[in-house]
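The structure appears right after this line, and notes come after that.
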Amino acid sequence: MYDPTRLAALVAVAEAGSITRAAERLGYTPPALSQQLAKLEREAGATLLVRSHRGTRLTGAGELLVARARRVLDEMERARHELAHLAGLSGGTLRVGTFQTAGIHLLPPVLSAFRRTYPDVELAVADYEPPAGVAAVAAGEVDLALTHTYEPAAPVAVPSSVSLEPVLVEELVLVTAPGHVLAGDSARLPLGELAGQPLISMAPNHPPRQGVEAALARAGATPAVLVETPVYALVCALVSAGLGVAVVPEMVARTAATPVGTRLLEPGDLRRTISVVHGTDETSPAADAFRALLRGTFERAGRHRPDN
């Protein structure tokens, strides 16, 4: 039996004329979408697409399968709409809280998938710098929120009315200016090697990071620039300009807008955990459906690595 997600990917490519444009529409990266299409070709036992510098076109087998796929997907859409109505997902508003990094890099494909599946539910997104999202869910300001915690850190009390479900655990990595001597090796860098290094510090007004900053201070890193608010884009820009080094989440380093060098640290116990916060007892069908899509999106992307 063909996977409906892969059938939808094939239809999207047929309509967009290229894998890149289809990936943008679906919220995938082009390599991830190519993998889905390759699996569909193996399931079909036939070549479905021909790629060229001008785009992507369907083979005869691809055209046949797209025609059938559209009918299948239309029926599934009708079924989703009817089931959503029965489950109370045919209207109302889902209020989602997020912090900046997650809102830019993690949330859009989940919201896109939710909108495709439940088009009658209105979406509202608000910004909450952690841990403010926890309080917002507890106060009923939003239905759920993405938040984060760092390790090492002092334990933070969580209201009994909310629960935190980890969805992503990532290491903190060193970022440097391009060509910096510390970034020129693929081996993990012992934390002690940061002794004497000028550090772009985010500790002053960011309690979640203070345990991490304390660990860096014990290793001998010397604060050179204090960033008063936790804006990672600014931190990476200062690092790129050669004003110091910094330790940031892996996702931040990978998506930095300014060129930086990166290196894993030893030991790899400086980490950030991203969690979804939701009500412990009273949750809406829309919030439950969103959490399921959130888990599925991280699993498909190979980024679902919670270990707590």
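By convention here, the chains of the structure tokens are called A, B, ... in the order presented, each chain's residues are numbered starting at 1, and ligands are numbered starting at 1 in the order presented.
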Rows by chain and residue number, segment 197-268 of chain A within 9 Å of segment 152-170 of chain A, shortest pair, only C-alpha atoms, as CSV:
residue,atom,partner,partner_atom,distance
A:Pro207,CA,A:Ala153,CA,8.7
A:Pro208,CA,A:Ala153,CA,6.7
A:Arg209,CA,A:Ala153,CA,7.3
A:Gln210,CA,A:Ala153,CA,7.1
A:Gly211,CA,A:Ala153,CA,4.5
A:Val212,CA,A:Pro152,CA,5.7
A:Ala214,CA,A:Pro152,CA,8.9
A:Ala215,CA,A:Pro152,CA,7.9
A:Pro249,CA,A:Glu170,CA,6.5
A:Glu250,CA,A:Glu170,CA,6.2
A:Met251,CA,A:Glu170,CA,7.6
Could you list, with a cut-off of 10 Å and counting only C-alpha atoms, the residues of segment 203-261 of chain A near segment 99-109 of chain A, each shown with its nearest atom pair and the distance in Å rounded to one decimal, rows sorted by chain and ascending number, as a Markdown table?
| residue | atom | partner | partner_atom | distance |
| --- | --- | --- | --- | --- |
| A:Pro230 | CA | A:Gln100 | CA | 9.7 |
| A:Val231 | CA | A:Gln100 | CA | 8.5 |
| A:Tyr232 | CA | A:Thr101 | CA | 8.2 |
| A:Ala233 | CA | A:Thr101 | CA | 9.2 |
| A:Pro249 | CA | A:Thr101 | CA | 10.0 |
| A:Met251 | CA | A:His105 | CA | 8.5 |
| A:Val252 | CA | A:Thr101 | CA | 7.5 |
| A:Thr255 | CA | A:His105 | CA | 8.3 |
Write a file of the selected residues as a CSV table (one decimal), in the first residue's frame, keeping all heavy atoms.
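And here's part26.csv as it stands now:
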chain,number,residue,atom,x,y,z
A,230,PRO,N,18.7,37.4,25.1
A,230,PRO,CA,19.1,36.2,24.4
A,230,PRO,C,18.8,36.2,22.9
A,230,PRO,O,17.9,35.5,22.5
A,230,PRO,CB,18.4,35.1,25.2
A,230,PRO,CG,17.1,35.8,25.7
A,230,PRO,CD,17.6,37.2,26.0
A,231,VAL,N,19.5,36.9,22.2
A,231,VAL,CA,19.3,37.0,20.7
A,231,VAL,C,20.5,36.3,20.0
A,231,VAL,O,21.6,36.8,19.9
A,231,VAL,CB,19.2,38.4,20.2
A,231,VAL,CG1,19.0,38.5,18.7
A,231,VAL,CG2,18.1,39.2,21.0
A,232,TYR,N,20.3,35.0,19.6
A,232,TYR,CA,21.4,34.3,19.1
A,232,TYR,C,21.9,34.8,17.7
A,232,TYR,O,23.0,34.6,17.4
A,232,TYR,CB,20.9,32.8,18.9
A,232,TYR,CG,21.1,32.0,20.2
A,232,TYR,CD1,20.0,31.3,20.7
A,232,TYR,CD2,22.3,31.9,20.9
A,232,TYR,CE1,20.2,30.5,21.9
A,232,TYR,CE2,22.4,31.2,22.0
A,232,TYR,CZ,21.4,30.5,22.5
A,232,TYR,OH,21.5,29.8,23.7
A,233,ALA,N,21.0,35.4,17.0
A,233,ALA,CA,21.4,36.0,15.7
A,233,ALA,C,22.5,37.1,16.0
A,233,ALA,O,23.5,37.2,15.2
A,233,ALA,CB,20.3,36.6,14.9
A,249,PRO,N,23.2,26.5,20.8
A,249,PRO,CA,22.6,25.3,20.4
A,249,PRO,C,23.0,24.9,18.9
A,249,PRO,O,23.2,25.8,18.1
A,249,PRO,CB,21.1,25.6,20.5
A,249,PRO,CG,21.0,26.6,21.5
A,249,PRO,CD,22.2,27.5,21.3
A,251,MET,N,21.4,23.8,16.5
A,251,MET,CA,20.5,24.3,15.4
A,251,MET,C,20.8,25.8,15.1
A,251,MET,O,20.8,26.2,14.0
A,251,MET,CB,19.0,24.2,15.9
A,251,MET,CG,18.0,24.8,14.9
A,251,MET,SD,16.3,24.4,15.4
A,251,MET,CE,16.3,25.0,17.0
A,252,VAL,N,21.2,26.6,16.1
A,252,VAL,CA,21.5,28.0,15.9
A,252,VAL,C,22.8,28.1,15.1
A,252,VAL,O,22.8,28.9,14.1
A,252,VAL,CB,21.7,28.7,17.3
A,252,VAL,CG1,22.3,30.0,17.1
A,252,VAL,CG2,20.4,28.7,18.1
A,255,THR,N,22.1,27.2,11.4
A,255,THR,CA,21.2,28.1,10.6
A,255,THR,C,21.7,29.6,10.8
A,255,THR,O,20.9,30.5,10.4
A,255,THR,CB,19.8,28.0,11.1
A,255,THR,OG1,19.7,28.3,12.5
A,255,THR,CG2,19.2,26.6,10.8
**Prompt:** How would you write, as number ranges by chain, the set of residues in segment 20-251 of chain A that DSSP gives as alpha helix (DSSP H)?
**Reply:** A: 20-26, 30-44, 60-86, 100-105, 107-117, 132-138, 210-218, 232-240, 250-251
C-alpha atoms of the current selection, written as a CSV table (one decimal), in the first residue's frame:
chain,number,residue,atom,x,y,z
A,20,THR,CA,12.7,22.5,-4.8
A,21,ARG,CA,9.5,24.4,-5.2
A,22,ALA,CA,7.4,21.4,-4.0
A,23,ALA,CA,9.6,21.1,-0.9
A,24,GLU,CA,9.0,24.8,-0.1
A,25,ARG,CA,5.3,24.3,-0.5
A,26,LEU,CA,5.2,21.2,1.8
A,30,PRO,CA,14.6,19.2,-1.0
A,31,PRO,CA,16.8,16.3,0.2
A,32,ALA,CA,14.1,15.1,2.5
A,33,LEU,CA,11.5,15.3,-0.2
A,34,SER,CA,13.8,13.5,-2.6
A,35,GLN,CA,14.1,10.6,-0.1
A,36,GLN,CA,10.3,10.4,0.1
A,37,LEU,CA,10.0,10.2,-3.7
A,38,ALA,CA,12.7,7.6,-3.9
A,39,LYS,CA,10.8,5.4,-1.5
A,40,LEU,CA,7.7,5.8,-3.5
A,41,GLU,CA,9.5,4.7,-6.6
A,42,ARG,CA,10.7,1.6,-4.8
A,43,GLU,CA,7.1,0.9,-3.7
A,44,ALA,CA,5.8,1.4,-7.2
A,60,GLY,CA,4.2,7.6,-18.0
A,61,ALA,CA,4.1,5.7,-14.7
A,62,GLY,CA,4.3,8.9,-12.8
A,63,GLU,CA,1.3,10.4,-14.7
A,64,LEU,CA,-0.8,7.3,-14.0
A,65,LEU,CA,0.0,7.3,-10.3
A,66,VAL,CA,-0.6,11.1,-10.0
A,67,ALA,CA,-4.0,10.7,-11.4
A,68,ARG,CA,-4.9,8.0,-9.0
A,69,ALA,CA,-3.2,9.7,-6.1
A,70,ARG,CA,-5.3,12.9,-6.6
A,71,ARG,CA,-8.5,10.8,-6.2
A,72,VAL,CA,-7.1,9.0,-3.1
A,73,LEU,CA,-6.0,12.3,-1.5
A,74,ASP,CA,-9.3,14.0,-2.3
A,75,GLU,CA,-11.2,11.1,-0.5
A,76,MET,CA,-8.8,11.3,2.4
A,77,GLU,CA,-9.3,15.1,2.7
A,78,ARG,CA,-13.1,14.5,2.8
A,79,ALA,CA,-12.6,11.9,5.5
A,80,ARG,CA,-10.3,14.2,7.5
A,81,HIS,CA,-12.9,17.0,7.3
A,82,GLU,CA,-15.7,14.8,8.5
A,83,LEU,CA,-13.6,13.3,11.3
A,84,ALA,CA,-12.5,16.8,12.3
A,85,HIS,CA,-16.1,17.9,12.6
A,86,LEU,CA,-16.9,14.9,14.8
A,100,GLN,CA,12.2,33.0,18.4
A,101,THR,CA,14.5,30.1,17.3
A,102,ALA,CA,11.7,27.6,17.3
A,103,GLY,CA,9.3,30.0,15.7
A,104,ILE,CA,11.7,30.5,12.8
A,105,HIS,CA,13.2,27.1,12.2
A,107,LEU,CA,7.3,25.7,13.9
A,108,PRO,CA,6.4,26.7,10.3
A,109,PRO,CA,6.3,23.1,8.8
A,110,VAL,CA,4.2,21.9,11.8
A,111,LEU,CA,1.7,24.8,11.4
A,112,SER,CA,1.6,24.2,7.6
A,113,ALA,CA,0.8,20.5,8.2
A,114,PHE,CA,-1.9,21.5,10.8
A,115,ARG,CA,-3.5,24.0,8.4
A,116,ARG,CA,-3.6,21.4,5.6
A,117,THR,CA,-5.3,18.8,7.9
A,132,ALA,CA,7.4,32.6,30.0
A,133,GLY,CA,5.5,30.1,27.8
A,134,VAL,CA,5.0,27.8,30.8
A,135,ALA,CA,3.2,30.5,32.7
A,136,ALA,CA,1.2,31.5,29.6
A,137,VAL,CA,-0.2,27.9,29.3
A,138,ALA,CA,-0.9,27.8,33.0
A,210,GLN,CA,23.5,30.8,33.8
A,211,GLY,CA,24.4,27.2,34.6
A,212,VAL,CA,26.0,26.9,31.1
A,213,GLU,CA,27.8,30.1,31.6
A,214,ALA,CA,29.1,29.0,35.0
A,215,ALA,CA,30.5,25.8,33.4
A,216,LEU,CA,32.3,28.0,30.7
A,217,ALA,CA,33.7,30.2,33.5
A,218,ARG,CA,35.0,27.2,35.4
A,232,TYR,CA,21.4,34.3,19.1
A,233,ALA,CA,21.4,36.0,15.7
A,234,LEU,CA,23.3,38.9,17.4
A,235,VAL,CA,25.6,36.5,19.2
A,236,CYS,CA,26.6,34.8,15.9
A,237,ALA,CA,27.1,38.1,14.2
A,238,LEU,CA,29.5,39.3,16.9
A,239,VAL,CA,31.3,36.0,16.7
A,240,SER,CA,31.5,36.2,12.9
A,250,GLU,CA,23.6,23.1,17.4
A,251,MET,CA,20.5,24.3,15.4
**Request:** Identify all residues of segment 168-252 of chain A in strand (DSSP E or B) (DSSP on the backbone) and supply them as a ChimeraX atom specification.
**Result:** /A:168-176,189-190,198-201,222-226,245-249
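Computed from the coordinates, the atom CA of Ala241 of chain A to atom CA of Met202 of chain A distance equals 17.0 Å.
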